[in-house]
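**Q** Here you go, one structure.
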Amino acid sequence: MIQLVELVTVDNENLAYHYASDDIDAVFNYEKKFNDLTKDVPLSFSSHILATEDSTFDSLCEKDPYFKQFRNYSDLTSFVKKTQEKSQLTERTLLTDDDIKNYHYLEHNYE
């Protein structure tokens, strides 16, 4: 079985999406679909393609325990929705240059 695994860490949560097929072309086509669906998500996804004994995420974890730290999604729509929500939360919590400038003006009573 050939598995596509897409990993991302956002908002201190490790997320994984995986897709499995016996057909390598289907896996590469699904990777393209994934890339198309996530092109507007401002996160860096890590793509992996591995061969395993069966199609489960558990088989990936057996092959490489590194994957155990990730919360698995097998539904692409749910995974994309979750990453979009998490990325928006992260963007809202980051300070901008203007935020810092305004803070300094208020804190030091600059005019």
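Following the order of the structure tokens, first chain is A, next is B, and so on, with residues numbered from 1 inside each chain and ligands from 1 in the order they appear.
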Need to verify the contact set: Gln88 of chain A, 10 Å, only C-alpha atoms, exclusion of same-chain residues closer than 5 positions in sequence. Can you return it as number ranges by chain?
**A** A: 11, 41-42, 82-83, 93
**Q** Which residues are close to Ala51 of chain A, i.e. within 12 Å by only C-alpha atoms, leaving aside same-chain residues fewer than 6 positions away? Reply as a PDB file with N, CA and C atoms, in the first residue's frame.
**A**
```
ATOM      1  N   MET A   1       0.855  -1.177   0.000  1.00  0.00           N
ATOM      2  CA  MET A   1       0.000   0.000   0.000  1.00  0.00           C
ATOM      3  C   MET A   1       0.898   1.236   0.000  1.00  0.00           C
ATOM      4  N   ILE A   2       0.516   2.232  -0.751  1.00  0.00           N
ATOM      5  CA  ILE A   2       1.263   3.489  -0.807  1.00  0.00           C
ATOM      6  C   ILE A   2       0.435   4.556  -0.113  1.00  0.00           C
ATOM      7  N   GLN A   3       1.079   5.278   0.787  1.00  0.00           N
ATOM      8  CA  GLN A   3       0.362   6.288   1.553  1.00  0.00           C
ATOM      9  C   GLN A   3       0.966   7.664   1.349  1.00  0.00           C
ATOM     10  N   LEU A   4       0.077   8.621   1.176  1.00  0.00           N
ATOM     11  CA  LEU A   4       0.430  10.032   1.163  1.00  0.00           C
ATOM     12  C   LEU A   4       0.109  10.575   2.549  1.00  0.00           C
ATOM     13  N   VAL A   5       1.075  11.254   3.154  1.00  0.00           N
ATOM     14  CA  VAL A   5       0.855  11.852   4.469  1.00  0.00           C
ATOM     15  C   VAL A   5       1.246  13.316   4.379  1.00  0.00           C
ATOM     16  N   TYR A  19      -3.772   9.571   2.929  1.00  0.00           N
ATOM     17  CA  TYR A  19      -4.534   8.941   1.857  1.00  0.00           C
ATOM     18  C   TYR A  19      -3.727   7.728   1.415  1.00  0.00           C
ATOM     19  N   ALA A  20      -4.415   6.614   1.149  1.00  0.00           N
ATOM     20  CA  ALA A  20      -3.712   5.394   0.745  1.00  0.00           C
ATOM     21  C   ALA A  20      -4.353   4.781  -0.500  1.00  0.00           C
ATOM     22  N   SER A  21      -3.491   4.184  -1.318  1.00  0.00           N
ATOM     23  CA  SER A  21      -3.945   3.493  -2.521  1.00  0.00           C
ATOM     24  C   SER A  21      -2.857   2.520  -2.962  1.00  0.00           C
ATOM     25  N   ASP A  22      -3.260   1.513  -3.725  1.00  0.00           N
ATOM     26  CA  ASP A  22      -2.289   0.608  -4.338  1.00  0.00           C
ATOM     27  C   ASP A  22      -1.706   1.205  -5.615  1.00  0.00           C
ATOM     28  N   ASP A  23      -2.318   2.260  -6.110  1.00  0.00           N
ATOM     29  CA  ASP A  23      -1.954   2.878  -7.378  1.00  0.00           C
ATOM     30  C   ASP A  23      -1.140   4.149  -7.131  1.00  0.00           C
ATOM     31  N   ILE A  24       0.135   4.129  -7.484  1.00  0.00           N
ATOM     32  CA  ILE A  24       1.009   5.279  -7.255  1.00  0.00           C
ATOM     33  C   ILE A  24       0.520   6.523  -7.992  1.00  0.00           C
ATOM     34  N   VAL A  27      -2.083   8.204  -5.936  1.00  0.00           N
ATOM     35  CA  VAL A  27      -1.482   8.920  -4.812  1.00  0.00           C
ATOM     36  C   VAL A  27      -0.943  10.276  -5.275  1.00  0.00           C
ATOM     37  N   PHE A  57      -3.550   4.549   9.178  1.00  0.00           N
ATOM     38  CA  PHE A  57      -2.582   5.463   9.771  1.00  0.00           C
ATOM     39  C   PHE A  57      -1.739   4.726  10.812  1.00  0.00           C
ATOM     40  N   SER A  59      -0.582   1.814  10.574  1.00  0.00           N
ATOM     41  CA  SER A  59       0.535   1.143   9.904  1.00  0.00           C
ATOM     42  C   SER A  59       1.688   2.112   9.645  1.00  0.00           C
ATOM     43  N   LEU A  60       1.361   3.381   9.425  1.00  0.00           N
ATOM     44  CA  LEU A  60       2.408   4.393   9.304  1.00  0.00           C
ATOM     45  C   LEU A  60       3.157   4.557  10.626  1.00  0.00           C
ATOM     46  N   GLU A  62       3.456   2.361  12.964  1.00  0.00           N
ATOM     47  CA  GLU A  62       4.272   1.172  13.204  1.00  0.00           C
ATOM     48  C   GLU A  62       5.576   1.248  12.415  1.00  0.00           C
ATOM     49  N   LYS A  63       5.488   1.729  11.203  1.00  0.00           N
ATOM     50  CA  LYS A  63       6.674   1.849  10.349  1.00  0.00           C
ATOM     51  C   LYS A  63       7.619   2.916  10.878  1.00  0.00           C
ATOM     52  N   ASP A  64       7.043   4.045  11.315  1.00  0.00           N
ATOM     53  CA  ASP A  64       7.848   5.147  11.839  1.00  0.00           C
ATOM     54  C   ASP A  64       7.095   5.801  12.998  1.00  0.00           C
TER      55      ASP A  64
END
```
**Q** Rank nothing, just name the residue among A:Pro65, A:Val80, A:Asn12, A:Asn72 nearest to Asn35 of chain A, using only C-alpha atoms.
**A** A:Val80
**Q** Go through A:Glu53, A:Glu13, A:Glu6, A:Asp58 and flag the residue nearest Arg71 of chain A, using only C-alpha atoms for the distances.
**A**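 Looking at the shortest contact to Arg71 of chain A, the residue is A:Glu13.
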**Q** Write out as a PDB file with N, CA and C atoms, in the first residue's frame which residues come within 7 Å of segment 43-45 of chain A when counting only C-alpha atoms, dropping same-chain ones fewer than 6 positions away.
**A**
```pdb
ATOM      1  N   GLU A   6       0.327  14.170   4.793  1.00  0.00           N
ATOM      2  CA  GLU A   6       0.568  15.612   4.828  1.00  0.00           C
ATOM      3  C   GLU A   6       0.576  16.030   6.292  1.00  0.00           C
ATOM      4  N   LEU A   7       1.666  16.636   6.732  1.00  0.00           N
ATOM      5  CA  LEU A   7       1.830  17.015   8.132  1.00  0.00           C
ATOM      6  C   LEU A   7       1.922  18.526   8.260  1.00  0.00           C
ATOM      7  N   VAL A   8       1.404  19.020   9.382  1.00  0.00           N
ATOM      8  CA  VAL A   8       1.518  20.440   9.694  1.00  0.00           C
ATOM      9  C   VAL A   8       1.400  20.609  11.208  1.00  0.00           C
ATOM     10  N   SER A  87      -5.024  28.297  11.241  1.00  0.00           N
ATOM     11  CA  SER A  87      -4.138  29.315  10.674  1.00  0.00           C
ATOM     12  C   SER A  87      -4.723  30.709  10.895  1.00  0.00           C
TER      13      SER A  87
END
```
